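Chemist: One file: work-v9.pdb (PDB, C-alpha atoms).
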```
ATOM      1  CA  MET A   1      22.458 -21.605  34.630  1.00  0.00           C
ATOM      2  CA  LYS A   2      24.940 -20.073  32.167  1.00  0.00           C
ATOM      3  CA  LYS A   3      22.545 -20.831  29.294  1.00  0.00           C
ATOM      4  CA  VAL A   4      19.746 -18.956  31.021  1.00  0.00           C
ATOM      5  CA  LEU A   5      22.015 -15.965  31.689  1.00  0.00           C
ATOM      6  CA  VAL A   6      23.192 -15.899  28.042  1.00  0.00           C
ATOM      7  CA  ILE A   7      19.584 -16.085  26.812  1.00  0.00           C
ATOM      8  CA  VAL A   8      18.522 -13.242  29.121  1.00  0.00           C
ATOM      9  CA  VAL A   9      21.456 -11.000  28.067  1.00  0.00           C
ATOM     10  CA  VAL A  10      20.966 -11.719  24.353  1.00  0.00           C
ATOM     11  CA  SER A  11      17.201 -11.118  24.665  1.00  0.00           C
ATOM     12  CA  ALA A  12      17.794  -7.800  26.451  1.00  0.00           C
ATOM     13  CA  LEU A  13      20.252  -6.688  23.759  1.00  0.00           C
ATOM     14  CA  VAL A  14      17.812  -7.638  20.999  1.00  0.00           C
ATOM     15  CA  ILE A  15      14.984  -5.721  22.709  1.00  0.00           C
ATOM     16  CA  ILE A  16      17.181  -2.634  23.141  1.00  0.00           C
ATOM     17  CA  ALA A  17      18.319  -2.797  19.497  1.00  0.00           C
ATOM     18  CA  VAL A  18      14.771  -3.246  18.154  1.00  0.00           C
ATOM     19  CA  THR A  19      13.438  -0.404  20.336  1.00  0.00           C
ATOM     20  CA  GLY A  20      16.184   1.955  19.118  1.00  0.00           C
ATOM     21  CA  PHE A  21      15.560   0.982  15.505  1.00  0.00           C
ATOM     22  CA  VAL A  22      11.799   1.529  15.785  1.00  0.00           C
ATOM     23  CA  LYS A  23      12.286   4.944  17.431  1.00  0.00           C
ATOM     24  CA  SER A  24      14.718   6.115  14.745  1.00  0.00           C
ATOM     25  CA  CYS A  25      12.444   4.892  11.952  1.00  0.00           C
ATOM     26  CA  SER A  26       9.327   6.427  13.437  1.00  0.00           C
ATOM     27  CA  SER A  27      10.970   9.841  13.717  1.00  0.00           C
ATOM     28  CA  ASP A  28      12.013   9.646  10.037  1.00  0.00           C
ATOM     29  CA  ILE A  29       8.593   8.453   8.927  1.00  0.00           C
ATOM     30  CA  GLY A  30       6.778  10.966  11.120  1.00  0.00           C
ATOM     31  CA  SER A  31       8.304  13.886   9.249  1.00  0.00           C
ATOM     32  CA  GLY A  32       6.908  12.425   6.018  1.00  0.00           C
ATOM     33  CA  PHE A  33       3.371  12.917   7.285  1.00  0.00           C
ATOM     34  CA  GLU A  34       3.709  16.686   7.577  1.00  0.00           C
ATOM     35  CA  PRO A  35       2.172  18.421   4.565  1.00  0.00           C
ATOM     36  CA  THR A  36       4.261  20.663   2.355  1.00  0.00           C
ATOM     37  CA  TYR A  37       2.847  23.773   0.750  1.00  0.00           C
ATOM     38  CA  GLY A  38       3.551  25.861  -2.319  1.00  0.00           C
ATOM     39  CA  ILE A  39       2.036  29.153  -3.387  1.00  0.00           C
ATOM     40  CA  LYS A  40       2.180  31.331  -6.491  1.00  0.00           C
ATOM     41  CA  LYS A  41       0.907  34.888  -6.367  1.00  0.00           C
ATOM     42  CA  ILE A  42      -0.493  36.240  -9.619  1.00  0.00           C
ATOM     43  CA  HIS A  43      -0.860  40.000  -9.788  1.00  0.00           C
ATOM     44  CA  SER A  44      -2.791  42.007 -12.356  1.00  0.00           C
ATOM     45  CA  ASP A  45      -1.819  45.636 -12.813  1.00  0.00           C
ATOM     46  CA  THR A  46      -4.962  46.055 -14.913  1.00  0.00           C
ATOM     47  CA  LEU A  47      -7.172  44.991 -12.001  1.00  0.00           C
ATOM     48  CA  ASN A  48      -4.824  46.026  -9.201  1.00  0.00           C
ATOM     49  CA  ALA A  49      -5.647  42.650  -7.668  1.00  0.00           C
ATOM     50  CA  ASP A  50      -3.998  39.378  -6.663  1.00  0.00           C
ATOM     51  CA  ILE A  51      -5.061  35.771  -6.957  1.00  0.00           C
ATOM     52  CA  TYR A  52      -3.181  32.717  -5.651  1.00  0.00           C
ATOM     53  CA  ILE A  53      -2.557  29.210  -6.861  1.00  0.00           C
ATOM     54  CA  LYS A  54      -1.718  27.059  -3.859  1.00  0.00           C
ATOM     55  CA  LYS A  55      -0.567  23.461  -3.632  1.00  0.00           C
ATOM     56  CA  LYS A  56      -0.616  21.050  -0.708  1.00  0.00           C
ATOM     57  CA  ASN A  57       1.219  17.696  -0.726  1.00  0.00           C
ATOM     58  CA  TRP A  58       1.062  15.082   1.995  1.00  0.00           C
ATOM     59  CA  GLY A  59       1.720  11.419   2.635  1.00  0.00           C
ATOM     60  CA  VAL A  60       4.905   9.471   3.313  1.00  0.00           C
ATOM     61  CA  SER A  61       6.093   9.944  -0.260  1.00  0.00           C
ATOM     62  CA  GLY A  62       4.197  13.188  -0.916  1.00  0.00           C
ATOM     63  CA  ASP A  63       1.977  11.431  -3.423  1.00  0.00           C
ATOM     64  CA  HIS A  64      -1.284  13.062  -2.287  1.00  0.00           C
ATOM     65  CA  GLN A  65      -1.905  16.508  -3.724  1.00  0.00           C
ATOM     66  CA  VAL A  66      -4.559  19.181  -3.955  1.00  0.00           C
ATOM     67  CA  VAL A  67      -4.245  22.493  -5.798  1.00  0.00           C
ATOM     68  CA  VAL A  68      -6.583  25.425  -5.231  1.00  0.00           C
ATOM     69  CA  ILE A  69      -7.192  28.807  -6.780  1.00  0.00           C
ATOM     70  CA  SER A  70      -7.846  31.216  -3.965  1.00  0.00           C
ATOM     71  CA  THR A  71      -8.114  34.877  -3.069  1.00  0.00           C
ATOM     72  CA  SER A  72      -6.292  34.194   0.216  1.00  0.00           C
ATOM     73  CA  GLY A  73      -2.525  34.542   0.322  1.00  0.00           C
ATOM     74  CA  GLN A  74      -2.196  32.309   3.386  1.00  0.00           C
ATOM     75  CA  GLU A  75       0.391  29.650   2.531  1.00  0.00           C
ATOM     76  CA  LYS A  76      -0.920  26.839   4.766  1.00  0.00           C
ATOM     77  CA  PHE A  77      -4.519  26.014   3.971  1.00  0.00           C
ATOM     78  CA  GLU A  78      -7.349  23.551   4.046  1.00  0.00           C
ATOM     79  CA  PRO A  79      -9.389  23.549   0.816  1.00  0.00           C
ATOM     80  CA  ASP A  80     -12.735  25.334   1.148  1.00  0.00           C
ATOM     81  CA  SER A  81     -15.158  24.359  -1.612  1.00  0.00           C
ATOM     82  CA  THR A  82     -17.263  27.464  -0.959  1.00  0.00           C
ATOM     83  CA  LYS A  83     -14.357  29.887  -1.545  1.00  0.00           C
ATOM     84  CA  ASP A  84     -11.729  28.012  -3.601  1.00  0.00           C
ATOM     85  CA  TYR A  85     -11.543  26.270  -6.948  1.00  0.00           C
ATOM     86  CA  ILE A  86     -10.288  22.801  -5.980  1.00  0.00           C
ATOM     87  CA  PHE A  87      -8.306  20.538  -8.307  1.00  0.00           C
ATOM     88  CA  VAL A  88      -7.027  17.061  -7.471  1.00  0.00           C
ATOM     89  CA  SER A  89      -4.946  16.713 -10.627  1.00  0.00           C
ATOM     90  CA  GLU A  90      -2.378  18.952 -12.241  1.00  0.00           C
ATOM     91  CA  PHE A  91      -3.366  21.709 -14.634  1.00  0.00           C
ATOM     92  CA  PHE A  92      -1.747  24.306 -16.853  1.00  0.00           C
ATOM     93  CA  PHE A  93      -2.390  28.001 -16.381  1.00  0.00           C
ATOM     94  CA  LYS A  94      -1.613  31.522 -17.524  1.00  0.00           C
ATOM     95  CA  ALA A  95      -2.775  34.960 -16.524  1.00  0.00           C
ATOM     96  CA  SER A  96      -3.687  37.605 -19.057  1.00  0.00           C
ATOM     97  CA  LYS A  97      -4.962  41.072 -18.096  1.00  0.00           C
ATOM     98  CA  ASP A  98      -8.144  40.392 -16.096  1.00  0.00           C
ATOM     99  CA  SER A  99      -8.315  36.601 -16.585  1.00  0.00           C
ATOM    100  CA  LEU A 100      -6.733  33.439 -15.261  1.00  0.00           C
ATOM    101  CA  TYR A 101      -6.898  30.642 -17.838  1.00  0.00           C
ATOM    102  CA  ILE A 102      -6.891  27.076 -16.525  1.00  0.00           C
ATOM    103  CA  TYR A 103      -6.322  24.126 -18.869  1.00  0.00           C
ATOM    104  CA  THR A 104      -7.381  20.921 -17.147  1.00  0.00           C
ATOM    105  CA  ASP A 105      -8.678  17.425 -17.778  1.00  0.00           C
ATOM    106  CA  SER A 106     -11.528  18.016 -15.332  1.00  0.00           C
ATOM    107  CA  LYS A 107     -13.100  21.364 -14.487  1.00  0.00           C
ATOM    108  CA  ALA A 108     -13.405  22.344 -10.844  1.00  0.00           C
ATOM    109  CA  LYS A 109     -16.758  23.321  -9.416  1.00  0.00           C
ATOM    110  CA  GLU A 110     -17.197  27.098  -9.316  1.00  0.00           C
ATOM    111  CA  PRO A 111     -17.236  28.136  -5.641  1.00  0.00           C
ATOM    112  CA  ARG A 112     -20.260  30.236  -4.716  1.00  0.00           C
ATOM    113  CA  LEU A 113     -18.330  32.582  -2.374  1.00  0.00           C
ATOM    114  CA  PHE A 114     -15.296  33.118  -4.626  1.00  0.00           C
ATOM    115  CA  ASP A 115     -14.808  36.887  -4.646  1.00  0.00           C
ATOM    116  CA  SER A 116     -12.161  38.100  -7.064  1.00  0.00           C
ATOM    117  CA  LYS A 117     -11.777  40.707  -9.771  1.00  0.00           C
ATOM    118  CA  PHE A 118     -10.097  37.979 -11.868  1.00  0.00           C
ATOM    119  CA  LYS A 119     -12.191  35.965 -14.285  1.00  0.00           C
ATOM    120  CA  VAL A 120     -11.313  32.284 -13.907  1.00  0.00           C
ATOM    121  CA  ILE A 121     -11.752  30.593 -17.266  1.00  0.00           C
ATOM    122  CA  GLN A 122     -11.515  26.811 -17.236  1.00  0.00           C
ATOM    123  CA  VAL A 123     -10.822  24.984 -20.481  1.00  0.00           C
ATOM    124  CA  GLU A 124     -11.371  21.239 -20.338  1.00  0.00           C
ATOM    125  CA  LEU A 125      -8.938  19.276 -22.503  1.00  0.00           C
ATOM    126  CA  SER A 126      -8.971  15.636 -23.546  1.00  0.00           C
ATOM    127  CA  ASN A 127      -6.284  13.348 -22.178  1.00  0.00           C
ATOM    128  CA  PRO A 128      -4.296  13.315 -25.460  1.00  0.00           C
ATOM    129  CA  LYS A 129      -4.235  17.136 -25.509  1.00  0.00           C
ATOM    130  CA  MET A 130      -3.113  17.243 -21.864  1.00  0.00           C
ATOM    131  CA  MET A 131      -0.365  14.721 -22.616  1.00  0.00           C
ATOM    132  CA  ASP A 132       0.708  16.723 -25.670  1.00  0.00           C
ATOM    133  CA  LEU A 133       1.117  19.847 -23.532  1.00  0.00           C
ATOM    134  CA  ARG A 134       3.034  17.866 -20.897  1.00  0.00           C
ATOM    135  CA  GLY A 135       5.304  16.091 -23.394  1.00  0.00           C
ATOM    136  CA  TYR A 136       8.679  17.721 -23.953  1.00  0.00           C
ATOM    137  CA  ASP A 137       7.442  20.665 -21.840  1.00  0.00           C
ATOM    138  CA  ASN A 138       5.328  21.877 -24.793  1.00  0.00           C
ATOM    139  CA  PHE A 139       3.278  23.957 -22.356  1.00  0.00           C
ATOM    140  CA  LYS A 140       6.236  26.336 -21.964  1.00  0.00           C
ATOM    141  CA  ASN A 141       6.174  27.087 -25.700  1.00  0.00           C
ATOM    142  CA  LYS A 142       2.555  28.179 -25.296  1.00  0.00           C
ATOM    143  CA  GLY A 143       3.342  30.498 -22.357  1.00  0.00           C
ATOM    144  CA  LEU A 144       1.721  28.206 -19.796  1.00  0.00           C
ATOM    145  CA  GLU A 145       2.853  27.136 -16.340  1.00  0.00           C
ATOM    146  CA  LEU A 146       2.212  23.796 -14.636  1.00  0.00           C
ATOM    147  CA  SER A 147       0.534  23.665 -11.217  1.00  0.00           C
ATOM    148  CA  THR A 148       2.778  20.792 -10.116  1.00  0.00           C
ATOM    149  CA  TYR A 149       5.820  23.084 -10.329  1.00  0.00           C
ATOM    150  CA  ILE A 150       4.542  25.520  -7.695  1.00  0.00           C
ATOM    151  CA  ASP A 151       7.006  25.597  -4.804  1.00  0.00           C
ATOM    152  CA  ALA A 152       7.243  27.235  -1.431  1.00  0.00           C
ATOM    153  CA  PRO A 153       8.151  30.911  -1.461  1.00  0.00           C
ATOM    154  CA  ALA A 154      11.893  31.577  -1.868  1.00  0.00           C
ATOM    155  CA  ASP A 155      12.258  32.698   1.756  1.00  0.00           C
ATOM    156  CA  LYS A 156      10.956  29.293   2.941  1.00  0.00           C
ATOM    157  CA  LYS A 157      13.512  27.183   1.038  1.00  0.00           C
TER     158      LYS A 157
END
```
Translate the structure described by the file into structure tokens.
Modeler:
Amino acid sequence: MKKVLVIVVVSALVIIAVTGFVKSCSSDIGSGFEPTYGIKKIHSDTLNADIYIKKKNWGVSGDHQVVVISTSGQEKFEPDSTKDYIFVSEFFFKASKDSLYIYTDSKAKEPRLFDSKFKVIQVELSNPKMMDLRGYDNFKNKGLELSTYIDAPADKK
């Protein structure tokens, strides 16, 4: 009889411990599934216009990413292939007067409803040239920025 009572008490304690552990882990993991967003506003005094480079990361370790060039300043977004340039890999960029220059390993499809005063000029680079820009932050010496470094606005940090 004592053995049965000990087994029941130990089993109950194990079930309570496992349930508590699973609940605490699931709340930690659950927050990892919420996407994070970053946005960079680019303004042209020449055009008196704005264009936005926006980044969305998701997944438990944030290893899924999409970056878009958009005319919408809304921070949270779902990519729209009819209105946004959509990139699934990082790219380098710089704005100059009326143009936004994109240096990428794979050009994005030009969206048919993209309506901006900015000219978006995509330059496709080979992998070695992309790696050369990335290495030792060489892109900074050329006045370029990296899409991966786009963060949330300062007031969101």
Chemist: Return as lines of an AutoDock Vina configuration file the centre and edge lengths, in Å with one decimal, of the box along x, y and z that encloses every atom of range 124-135 of chain A in the file, padded by 6 Å per side.
Modeler:
```
center_x = -3.0
center_y = 17.3
center_z = -23.0
size_x = 28.7
size_y = 19.9
size_z = 17.3
```
Chemist: Excluding range 51-62 of chain A and its own-chain neighbours fewer than 3 positions away, which residues fall within 7 Å of it when counting all atoms listed in the file? Please give them as a count of residues only.
Modeler: 23
Chemist: Return as a PyMOL selection string the set of residues that the PyMOL selection byres ((chain A and resi 86-101) around 8) yields on the displayed structure.
Modeler: chain A and resi 42+44-47+65-69+79-81+84-85+102-105+107-109+117-123+139+143-148
Chemist: Quick one, how far is CA of Lys83 in chain A from CA of Asp151 in chain A?
Modeler: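 These atoms are spaced 22.0 Å apart.
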Chemist: Work out how far apart CA of Lys129 in chain A and CA of Lys142 in chain A are and give it in Å to one decimal.
Modeler: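 According to the coordinates, CA of Lys129 in chain A and CA of Lys142 in chain A are separated by 13.0 Å.
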Chemist: What is the CA of Glu110 in chain A-CA of Thr82 in chain A distance in Å, reported with one decimal?
Modeler: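 Straight-line distance from CA of Glu110 in chain A to CA of Thr82 in chain A works out to 8.4 Å.
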Chemist: Identify which of the residues A:Ala49, A:Leu5, A:Ile15, A:Leu133 lies closest to Ser116 in chain A, counting all atoms listed in the file when measuring atom-to-atom distances.
Modeler: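 Smallest separation from Ser116 in chain A among the options: A:Ala49.
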Chemist: Can you give me N, CA, C and O atoms for range 47-66 of chain A, written as a PDB file, keeping the file's coordinate frame?
Modeler:
```pdb
ATOM      1  N   LEU A  47      -6.131  45.071 -13.030  1.00  0.00           N
ATOM      2  CA  LEU A  47      -7.172  44.991 -12.001  1.00  0.00           C
ATOM      3  C   LEU A  47      -6.725  45.555 -10.656  1.00  0.00           C
ATOM      4  O   LEU A  47      -7.555  45.772  -9.784  1.00  0.00           O
ATOM      5  N   ASN A  48      -5.407  45.706 -10.505  1.00  0.00           N
ATOM      6  CA  ASN A  48      -4.824  46.026  -9.201  1.00  0.00           C
ATOM      7  C   ASN A  48      -5.316  45.008  -8.163  1.00  0.00           C
ATOM      8  O   ASN A  48      -5.841  45.365  -7.107  1.00  0.00           O
ATOM      9  N   ALA A  49      -5.159  43.731  -8.517  1.00  0.00           N
ATOM     10  CA  ALA A  49      -5.647  42.650  -7.668  1.00  0.00           C
ATOM     11  C   ALA A  49      -4.696  41.456  -7.738  1.00  0.00           C
ATOM     12  O   ALA A  49      -3.907  41.330  -8.685  1.00  0.00           O
ATOM     13  N   ASP A  50      -4.801  40.596  -6.735  1.00  0.00           N
ATOM     14  CA  ASP A  50      -3.998  39.378  -6.663  1.00  0.00           C
ATOM     15  C   ASP A  50      -4.918  38.164  -6.594  1.00  0.00           C
ATOM     16  O   ASP A  50      -6.039  38.238  -6.087  1.00  0.00           O
ATOM     17  N   ILE A  51      -4.399  37.067  -7.090  1.00  0.00           N
ATOM     18  CA  ILE A  51      -5.061  35.771  -6.957  1.00  0.00           C
ATOM     19  C   ILE A  51      -3.929  34.778  -6.704  1.00  0.00           C
ATOM     20  O   ILE A  51      -2.779  35.023  -7.085  1.00  0.00           O
ATOM     21  N   TYR A  52      -4.223  33.651  -6.061  1.00  0.00           N
ATOM     22  CA  TYR A  52      -3.181  32.717  -5.651  1.00  0.00           C
ATOM     23  C   TYR A  52      -3.501  31.306  -6.122  1.00  0.00           C
ATOM     24  O   TYR A  52      -4.651  30.871  -6.049  1.00  0.00           O
ATOM     25  N   ILE A  53      -2.464  30.640  -6.580  1.00  0.00           N
ATOM     26  CA  ILE A  53      -2.557  29.210  -6.861  1.00  0.00           C
ATOM     27  C   ILE A  53      -1.728  28.546  -5.781  1.00  0.00           C
ATOM     28  O   ILE A  53      -0.539  28.849  -5.621  1.00  0.00           O
ATOM     29  N   LYS A  54      -2.377  27.664  -5.015  1.00  0.00           N
ATOM     30  CA  LYS A  54      -1.718  27.059  -3.859  1.00  0.00           C
ATOM     31  C   LYS A  54      -1.770  25.537  -3.971  1.00  0.00           C
ATOM     32  O   LYS A  54      -2.765  24.973  -4.422  1.00  0.00           O
ATOM     33  N   LYS A  55      -0.694  24.912  -3.541  1.00  0.00           N
ATOM     34  CA  LYS A  55      -0.567  23.461  -3.632  1.00  0.00           C
ATOM     35  C   LYS A  55      -0.276  22.895  -2.253  1.00  0.00           C
ATOM     36  O   LYS A  55       0.478  23.489  -1.476  1.00  0.00           O
ATOM     37  N   LYS A  56      -0.874  21.759  -1.961  1.00  0.00           N
ATOM     38  CA  LYS A  56      -0.616  21.050  -0.708  1.00  0.00           C
ATOM     39  C   LYS A  56      -0.312  19.595  -1.044  1.00  0.00           C
ATOM     40  O   LYS A  56      -1.085  18.955  -1.756  1.00  0.00           O
ATOM     41  N   ASN A  57       0.839  19.102  -0.566  1.00  0.00           N
ATOM     42  CA  ASN A  57       1.219  17.696  -0.726  1.00  0.00           C
ATOM     43  C   ASN A  57       1.311  17.060   0.650  1.00  0.00           C
ATOM     44  O   ASN A  57       1.769  17.696   1.593  1.00  0.00           O
ATOM     45  N   TRP A  58       0.916  15.798   0.741  1.00  0.00           N
ATOM     46  CA  TRP A  58       1.062  15.082   1.995  1.00  0.00           C
ATOM     47  C   TRP A  58       1.210  13.601   1.713  1.00  0.00           C
ATOM     48  O   TRP A  58       1.094  13.154   0.587  1.00  0.00           O
ATOM     49  N   GLY A  59       1.492  12.847   2.756  1.00  0.00           N
ATOM     50  CA  GLY A  59       1.720  11.419   2.635  1.00  0.00           C
ATOM     51  C   GLY A  59       3.197  11.114   2.791  1.00  0.00           C
ATOM     52  O   GLY A  59       4.039  12.001   2.668  1.00  0.00           O
ATOM     53  N   VAL A  60       3.519   9.869   3.074  1.00  0.00           N
ATOM     54  CA  VAL A  60       4.905   9.471   3.313  1.00  0.00           C
ATOM     55  C   VAL A  60       5.783   9.838   2.128  1.00  0.00           C
ATOM     56  O   VAL A  60       6.878  10.358   2.278  1.00  0.00           O
ATOM     57  N   SER A  61       5.288   9.620   0.918  1.00  0.00           N
ATOM     58  CA  SER A  61       6.093   9.944  -0.260  1.00  0.00           C
ATOM     59  C   SER A  61       5.601  11.214  -0.960  1.00  0.00           C
ATOM     60  O   SER A  61       6.038  11.515  -2.061  1.00  0.00           O
ATOM     61  N   GLY A  62       4.705  11.948  -0.326  1.00  0.00           N
ATOM     62  CA  GLY A  62       4.197  13.188  -0.916  1.00  0.00           C
ATOM     63  C   GLY A  62       3.341  12.964  -2.141  1.00  0.00           C
ATOM     64  O   GLY A  62       3.230  13.820  -3.001  1.00  0.00           O
ATOM     65  N   ASP A  63       2.717  11.781  -2.217  1.00  0.00           N
ATOM     66  CA  ASP A  63       1.977  11.431  -3.423  1.00  0.00           C
ATOM     67  C   ASP A  63       0.508  11.872  -3.407  1.00  0.00           C
ATOM     68  O   ASP A  63      -0.205  11.658  -4.372  1.00  0.00           O
ATOM     69  N   HIS A  64       0.070  12.498  -2.330  1.00  0.00           N
ATOM     70  CA  HIS A  64      -1.284  13.062  -2.287  1.00  0.00           C
ATOM     71  C   HIS A  64      -1.169  14.559  -2.515  1.00  0.00           C
ATOM     72  O   HIS A  64      -0.331  15.217  -1.901  1.00  0.00           O
ATOM     73  N   GLN A  65      -2.024  15.097  -3.380  1.00  0.00           N
ATOM     74  CA  GLN A  65      -1.905  16.508  -3.724  1.00  0.00           C
ATOM     75  C   GLN A  65      -3.272  17.123  -3.992  1.00  0.00           C
ATOM     76  O   GLN A  65      -4.156  16.477  -4.541  1.00  0.00           O
ATOM     77  N   VAL A  66      -3.400  18.381  -3.592  1.00  0.00           N
ATOM     78  CA  VAL A  66      -4.559  19.181  -3.955  1.00  0.00           C
ATOM     79  C   VAL A  66      -4.032  20.567  -4.322  1.00  0.00           C
ATOM     80  O   VAL A  66      -3.085  21.059  -3.724  1.00  0.00           O
TER      81      VAL A  66
END
```
